[in-house]
Every structure is written in structure tokens, then in C-alpha cells.
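Below: protein25.cif (mmCIF, C-alpha atoms)
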data_my_file
loop_
_atom_site.group_PDB
_atom_site.id
_atom_site.type_symbol
_atom_site.label_atom_id
_atom_site.label_comp_id
_atom_site.auth_asym_id
_atom_site.auth_seq_id
_atom_site.Cartn_x
_atom_site.Cartn_y
_atom_site.Cartn_z
ATOM 1 C CA ILE A 19 -28.628 -55.779 -55.336
ATOM 2 C CA SER A 20 -28.510 -56.125 -59.113
ATOM 3 C CA LEU A 21 -27.976 -59.911 -58.825
ATOM 4 C CA GLY A 22 -31.053 -60.214 -56.581
ATOM 5 C CA ALA A 23 -33.114 -58.093 -58.955
ATOM 6 C CA GLN A 24 -31.926 -60.194 -61.895
ATOM 7 C CA SER A 25 -33.203 -63.330 -60.166
ATOM 8 C CA ILE A 26 -36.572 -61.726 -59.404
ATOM 9 C CA VAL A 27 -36.967 -60.553 -63.012
ATOM 10 C CA LYS A 28 -36.057 -64.032 -64.270
ATOM 11 C CA ASP A 29 -38.685 -65.604 -61.957
ATOM 12 C CA MET A 30 -41.353 -63.103 -63.054
ATOM 13 C CA VAL A 31 -40.680 -63.562 -66.779
ATOM 14 C CA ALA A 32 -40.812 -67.347 -66.326
ATOM 15 C CA GLY A 33 -44.059 -66.908 -64.371
ATOM 16 C CA LEU A 34 -45.582 -64.974 -67.268
ATOM 17 C CA PHE A 35 -44.694 -67.772 -69.686
ATOM 18 C CA LEU A 36 -46.121 -70.380 -67.314
ATOM 19 C CA MET A 37 -49.410 -68.472 -67.136
ATOM 20 C CA PHE A 38 -49.664 -67.899 -70.889
ATOM 21 C CA GLU A 39 -48.625 -71.413 -71.889
ATOM 22 C CA LYS A 40 -50.934 -72.991 -69.283
ATOM 23 C CA GLN A 41 -48.545 -75.855 -68.534
ATOM 24 C CA TYR A 42 -50.462 -76.542 -65.319
ATOM 25 C CA TYR A 43 -53.349 -75.183 -63.296
ATOM 26 C CA VAL A 44 -54.176 -74.983 -59.610
ATOM 27 C CA GLY A 45 -55.299 -78.469 -58.608
ATOM 28 C CA ASP A 46 -53.132 -80.340 -61.130
ATOM 29 C CA PHE A 47 -50.830 -83.077 -59.853
ATOM 30 C CA VAL A 48 -47.369 -82.352 -61.246
ATOM 31 C CA LYS A 49 -43.694 -83.170 -60.971
ATOM 32 C CA ILE A 50 -41.524 -80.059 -60.986
ATOM 33 C CA CYS A 51 -37.782 -80.414 -60.410
ATOM 34 C CA ASP A 52 -37.556 -83.158 -57.762
ATOM 35 C CA TYR A 53 -40.990 -82.489 -56.255
ATOM 36 C CA GLU A 54 -44.294 -84.235 -56.937
ATOM 37 C CA GLY A 55 -47.449 -82.705 -55.608
ATOM 38 C CA THR A 56 -50.633 -80.762 -56.179
ATOM 39 C CA VAL A 57 -50.369 -77.182 -57.417
ATOM 40 C CA THR A 58 -51.998 -75.019 -54.748
ATOM 41 C CA SER A 59 -51.144 -71.609 -56.176
ATOM 42 C CA ILE A 60 -49.351 -70.005 -59.118
ATOM 43 C CA ALA A 61 -47.929 -66.556 -58.542
ATOM 44 C CA MET A 62 -45.947 -64.323 -60.807
ATOM 45 C CA ARG A 63 -42.650 -65.239 -59.122
ATOM 46 C CA VAL A 64 -43.227 -68.684 -57.560
ATOM 47 C CA THR A 65 -45.329 -71.836 -57.796
ATOM 48 C CA TYR A 66 -46.672 -73.473 -54.630
ATOM 49 C CA LEU A 67 -47.004 -77.246 -54.356
ATOM 50 C CA ASP A 68 -48.532 -79.447 -51.680
ATOM 51 C CA CYS A 69 -46.199 -82.444 -51.517
ATOM 52 C CA ALA A 70 -47.748 -84.953 -49.109
ATOM 53 C CA GLY A 71 -48.660 -82.219 -46.637
ATOM 54 C CA LYS A 72 -45.489 -80.189 -47.101
ATOM 55 C CA ARG A 73 -45.742 -76.813 -48.782
ATOM 56 C CA VAL A 74 -43.005 -76.448 -51.368
ATOM 57 C CA ILE A 75 -42.262 -73.092 -52.964
ATOM 58 C CA ILE A 76 -40.482 -73.244 -56.324
ATOM 59 C CA PRO A 77 -39.183 -70.076 -57.979
ATOM 60 C CA ASN A 78 -40.595 -69.998 -61.510
ATOM 61 C CA GLY A 79 -37.167 -69.188 -62.946
ATOM 62 C CA GLU A 80 -35.853 -72.554 -61.692
ATOM 63 C CA ILE A 81 -38.550 -74.622 -63.383
ATOM 64 C CA LYS A 82 -37.012 -76.496 -66.294
ATOM 65 C CA ASP A 83 -39.059 -79.689 -66.653
ATOM 66 C CA VAL A 84 -42.715 -80.219 -65.782
ATOM 67 C CA VAL A 85 -44.626 -83.481 -65.819
ATOM 68 C CA ASN A 86 -48.355 -82.856 -65.549
ATOM 69 C CA TYR A 87 -50.114 -86.076 -64.579
ATOM 70 C CA SER A 88 -53.534 -84.389 -64.696
ATOM 71 C CA LYS A 89 -53.574 -83.491 -68.398
ATOM 72 C CA THR A 90 -53.405 -86.810 -70.234
ATOM 73 C CA ASN A 91 -53.837 -90.525 -69.748
ATOM 74 C CA ASN A 92 -51.173 -92.215 -67.635
ATOM 75 C CA ILE A 93 -49.416 -95.556 -67.813
ATOM 76 C CA ALA A 94 -49.261 -97.999 -64.907
ATOM 77 C CA VAL A 95 -46.053 -100.003 -65.286
ATOM 78 C CA ILE A 96 -46.145 -103.306 -63.449
ATOM 79 C CA THR A 97 -43.137 -105.604 -63.085
ATOM 80 C CA ILE A 98 -43.640 -109.020 -61.543
ATOM 81 C CA PRO A 99 -40.584 -111.043 -60.543
ATOM 82 C CA THR A 100 -41.049 -114.802 -60.893
ATOM 83 C CA SER A 101 -38.945 -117.773 -59.973
ATOM 84 C CA TYR A 102 -36.660 -119.426 -62.509
ATOM 85 C CA GLU A 103 -38.308 -122.714 -61.516
ATOM 86 C CA ALA A 104 -41.803 -121.458 -62.412
ATOM 87 C CA ASP A 105 -43.472 -122.369 -65.703
ATOM 88 C CA THR A 106 -43.155 -118.963 -67.386
ATOM 89 C CA ARG A 107 -45.860 -119.631 -69.978
ATOM 90 C CA LYS A 108 -48.290 -120.562 -67.199
ATOM 91 C CA VAL A 109 -47.287 -117.449 -65.228
ATOM 92 C CA ILE A 110 -47.941 -115.200 -68.231
ATOM 93 C CA GLU A 111 -51.292 -116.912 -68.825
ATOM 94 C CA VAL A 112 -52.349 -116.414 -65.182
ATOM 95 C CA MET A 113 -51.262 -112.774 -65.266
ATOM 96 C CA GLN A 114 -53.141 -112.140 -68.519
ATOM 97 C CA LYS A 115 -56.344 -113.614 -67.033
ATOM 98 C CA VAL A 116 -56.037 -111.348 -63.984
ATOM 99 C CA VAL A 117 -55.410 -108.316 -66.207
ATOM 100 C CA ASP A 118 -58.353 -109.191 -68.501
ATOM 101 C CA LYS A 119 -60.721 -109.567 -65.561
ATOM 102 C CA TYR A 120 -59.524 -106.281 -64.060
ATOM 103 C CA TYR A 121 -59.892 -104.535 -67.424
ATOM 104 C CA ASP A 122 -63.476 -105.753 -67.818
ATOM 105 C CA SER A 123 -64.488 -104.587 -64.340
ATOM 106 C CA HIS A 124 -62.648 -101.239 -64.259
ATOM 107 C CA ARG A 125 -63.491 -99.621 -67.591
ATOM 108 C CA ASP A 126 -64.293 -96.378 -65.746
ATOM 109 C CA ILE A 127 -60.616 -95.785 -64.890
ATOM 110 C CA LEU A 128 -58.941 -97.529 -67.837
ATOM 111 C CA THR A 129 -58.726 -96.472 -71.468
ATOM 112 C CA ASP A 130 -59.935 -98.519 -74.438
ATOM 113 C CA ASN A 131 -56.417 -99.895 -75.012
ATOM 114 C CA LYS A 132 -56.699 -103.421 -73.680
ATOM 115 C CA PRO A 133 -53.538 -104.370 -71.757
ATOM 116 C CA VAL A 134 -51.435 -107.306 -72.875
ATOM 117 C CA VAL A 135 -48.841 -109.232 -70.862
ATOM 118 C CA PRO A 136 -46.219 -109.613 -73.619
ATOM 119 C CA GLY A 137 -43.682 -111.869 -71.911
ATOM 120 C CA ILE A 138 -40.327 -111.750 -70.185
ATOM 121 C CA SER A 139 -38.848 -108.280 -69.828
ATOM 122 C CA SER A 140 -35.574 -109.239 -68.125
ATOM 123 C CA LEU A 141 -33.610 -112.074 -66.594
ATOM 124 C CA GLU A 142 -32.168 -111.036 -63.237
ATOM 125 C CA ASP A 143 -29.883 -112.807 -60.765
ATOM 126 C CA SER A 144 -32.733 -114.353 -58.814
ATOM 127 C CA SER A 145 -35.832 -113.744 -60.914
ATOM 128 C CA VAL A 146 -37.459 -113.785 -64.318
ATOM 129 C CA ASN A 147 -39.195 -110.414 -64.612
ATOM 130 C CA ILE A 148 -42.401 -109.893 -66.539
ATOM 131 C CA THR A 149 -43.370 -106.273 -67.180
ATOM 132 C CA PHE A 150 -46.565 -104.959 -68.708
ATOM 133 C CA ARG A 151 -48.260 -101.592 -69.037
ATOM 134 C CA VAL A 152 -51.836 -100.522 -68.501
ATOM 135 C CA GLU A 153 -53.099 -97.209 -69.863
ATOM 136 C CA THR A 154 -55.281 -95.384 -67.345
ATOM 137 C CA LYS A 155 -57.270 -92.206 -67.156
ATOM 138 C CA PRO A 156 -55.426 -89.258 -65.564
ATOM 139 C CA LEU A 157 -54.115 -89.870 -62.036
ATOM 140 C CA LYS A 158 -55.388 -93.471 -61.870
ATOM 141 C CA HIS A 159 -52.103 -95.242 -62.657
ATOM 142 C CA TRP A 160 -51.067 -95.628 -59.014
ATOM 143 C CA GLU A 161 -54.434 -97.124 -58.064
ATOM 144 C CA VAL A 162 -54.336 -99.555 -60.995
ATOM 145 C CA GLN A 163 -50.751 -100.550 -60.205
ATOM 146 C CA ARG A 164 -51.566 -101.266 -56.540
ATOM 147 C CA ASP A 165 -54.738 -103.184 -57.447
ATOM 148 C CA LEU A 166 -53.048 -105.369 -60.049
ATOM 149 C CA LEU A 167 -50.047 -106.148 -57.840
ATOM 150 C CA LEU A 168 -52.391 -107.376 -55.100
ATOM 151 C CA LEU A 169 -54.612 -109.355 -57.477
ATOM 152 C CA ILE A 170 -51.639 -111.027 -59.153
ATOM 153 C CA LYS A 171 -50.052 -111.889 -55.801
ATOM 154 C CA GLU A 172 -53.339 -113.422 -54.611
ATOM 155 C CA GLU A 173 -53.738 -115.410 -57.830
ATOM 156 C CA PHE A 174 -50.149 -116.628 -57.612
ATOM 157 C CA ALA A 175 -50.841 -117.857 -54.062
ATOM 158 C CA LYS A 176 -53.927 -119.773 -55.291
ATOM 159 C CA LYS A 177 -51.977 -121.338 -58.171
ATOM 160 C CA LYS A 178 -48.883 -122.046 -56.000
ATOM 161 C CA ILE A 179 -46.666 -119.809 -58.154
ATOM 162 C CA GLU A 180 -43.732 -118.548 -56.112
ATOM 163 C CA ILE A 181 -42.524 -114.987 -56.109
ATOM 164 C CA PRO A 182 -38.758 -115.113 -55.538
ATOM 165 C CA TYR A 183 -37.095 -113.496 -52.591
ATOM 166 C CA ASN A 184 -33.532 -113.408 -51.402
ATOM 167 C CA GLN A 185 -32.644 -116.469 -49.410
ATOM 168 C CA LEU A 186 -29.592 -117.199 -47.335
ATOM 169 C CA VAL A 187 -28.542 -120.788 -46.778
ATOM 170 C CA VAL A 188 -26.334 -121.304 -43.749
ATOM 171 C CA THR A 189 -24.554 -124.627 -43.335
ATOM 172 C CA LYS A 190 -22.634 -125.899 -40.374
ATOM 173 C CA LYS A 191 -19.189 -127.375 -40.979
#
Starting from the coordinates I provided, produce the structure as C-alpha cells.
Amino acid sequence: ISLGAQSIVKDMVAGLFLMFEKQYYVGDFVKICDYEGTVTSIAMRVTYLDCAGKRVIIPNGEIKDVVNYSKTNNIAVITIPTSYEADTRKVIEVMQKVVDKYYDSHRDILTDNKPVVPGISSLEDSSVNITFRVETKPLKHWEVQRDLLLLIKEEFAKKKIEIPYNQLVVTKK
């Protein structure tokens, strides 16, 4: 009984700190432990999240790390794999034009920090990866990431720039 009471007291004390420190509010989109979702309720002992339609109940005493996506600007991180045969300077130029056009037409969801495609981020087995970041207003990073991936893919198709994919060559002996 004392072990159960100890756990309840721990959860309640943690709940008090959560409420006083205002780490998150009802309606905020957060990551707590391994769960990402919208806070639906904060009680003295537990926090309730809606994780893609599933109600998750997290004891406040178990909450160690919280990422609150609703409080500050977010970063959309976009990595584009390109072929080793592609002209990398041309690829970067095409990507920068797409990003500039998107930036000019989506100022309502982006911050004033104009995104830059800096260059190669890594050389992989079958691709040259180019990674860039776009600073967005709260909770817009997923939308921006999806939009830019589609726009870059479409522009690559127009310019005949290949995106690498695993290929298997079978030969007959």
C-alpha cells in the first residue's frame, strides 16, 4: 500500500509543478515520453493526450522530457537524395529557386529567416544528400516539409533530374 501511495504522491507533486511551470496547456501539440499528440486534459495526477485518435494517459510522475511544438517556431528539415550522376550545382540551384518561390508565396506560415540550400550534407552509398532547414511558425513544419518535397520532386521531373532509388540488375549466365 505504501508503494502505491508513494507513486500517487509522486504523480501529484509532478502535476503541481507542471501546472505552475506551465510547460504545456490543453490544446498544445506535444511530445511526452514516446507519445506525440494534443493535450486534451491536465489533471493533478495524469496528463491526457490525443495521439491520432488514441487516448493516452501519462502519469505526471513519469514525465521527464517534454517537447512543446505549440510554443515556439519550428524547423522543417528536408533531405533530398540525388544521383551521383546529377550535376550537383544545378540541383542545388533548382532547389534554391523552388525554396525561394515557396518562401515568397507562404510568408503567412514561414518566419522572416529566408531559407538557404547550403549544399551537400552527406554522401551515401547510392545518393548525394542535400539537406536544408526552413523555419516555420508553430505547428507548420510538417505542412512546409510535405509541400517542399512535392514541389522539388515536380521540378526535378521537369528538369530531368533523377532521384536515386535502389536498383537490382539481374544477368543471365
For a cut-off of 10 Å around (-58.8, -96.4, -63.0), file coordinates, pick out all residues using all atoms listed in the file and list them as an mmCIF file with C-alpha atoms, keeping the file's coordinate frame.
data_model
loop_
_atom_site.group_PDB
_atom_site.id
_atom_site.type_symbol
_atom_site.label_atom_id
_atom_site.label_comp_id
_atom_site.auth_asym_id
_atom_site.auth_seq_id
_atom_site.Cartn_x
_atom_site.Cartn_y
_atom_site.Cartn_z
ATOM 1 C CA ASN A 92 -51.173 -92.215 -67.635
ATOM 2 C CA ALA A 94 -49.261 -97.999 -64.907
ATOM 3 C CA TYR A 120 -59.524 -106.281 -64.060
ATOM 4 C CA TYR A 121 -59.892 -104.535 -67.424
ATOM 5 C CA HIS A 124 -62.648 -101.239 -64.259
ATOM 6 C CA ARG A 125 -63.491 -99.621 -67.591
ATOM 7 C CA ASP A 126 -64.293 -96.378 -65.746
ATOM 8 C CA ILE A 127 -60.616 -95.785 -64.890
ATOM 9 C CA LEU A 128 -58.941 -97.529 -67.837
ATOM 10 C CA THR A 129 -58.726 -96.472 -71.468
ATOM 11 C CA VAL A 152 -51.836 -100.522 -68.501
ATOM 12 C CA GLU A 153 -53.099 -97.209 -69.863
ATOM 13 C CA THR A 154 -55.281 -95.384 -67.345
ATOM 14 C CA LYS A 155 -57.270 -92.206 -67.156
ATOM 15 C CA PRO A 156 -55.426 -89.258 -65.564
ATOM 16 C CA LEU A 157 -54.115 -89.870 -62.036
ATOM 17 C CA LYS A 158 -55.388 -93.471 -61.870
ATOM 18 C CA HIS A 159 -52.103 -95.242 -62.657
ATOM 19 C CA TRP A 160 -51.067 -95.628 -59.014
ATOM 20 C CA GLU A 161 -54.434 -97.124 -58.064
ATOM 21 C CA VAL A 162 -54.336 -99.555 -60.995
ATOM 22 C CA GLN A 163 -50.751 -100.550 -60.205
ATOM 23 C CA ASP A 165 -54.738 -103.184 -57.447
#
Contact residues around A:Arg107 with all atoms listed in the file at 10 Å, ignoring same-chain residues under 4 positions, as number ranges by chain: A: 111-113, 137-138
Evaluate the PyMOL selection byres ((chain A and resi 89) around 12) against this structure - the residues, as a list of chain:residue names, please.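 That selection, the PyMOL selection byres ((chain A and resi 89) around 12), comes back as A:Lys40, A:Gln41, A:Tyr42, A:Tyr43, A:Gly45, A:Asp46, A:Phe47, A:Val48, A:Val84, A:Val85, A:Asn86, A:Tyr87, A:Ser88, A:Thr90, A:Asn91, A:Asn92, A:Lys155, A:Pro156, A:Leu157.
Closest approach to A:Ser101 among A:Asp130, A:Glu142, A:Asp68, A:Glu39: A:Glu142, based on only C-alpha atoms.
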Kindly resolve the PyMOL selection byres ((chain A and resi 69) around 12) on the present coordinates and return the residues as a list of chain:residue names.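 This file gives the following for the PyMOL selection byres ((chain A and resi 69) around 12): A:Phe47, A:Val48, A:Lys49, A:Ile50, A:Asp52, A:Tyr53, A:Glu54, A:Gly55, A:Thr56, A:Val57, A:Thr58, A:Tyr66, A:Leu67, A:Asp68, A:Ala70, A:Gly71, A:Lys72, A:Arg73, A:Val74, A:Ile75, A:Ile76.
The two atoms in question, atom CA of A:Val31 and atom CA of A:Met62, are spaced 8.0 Å apart.
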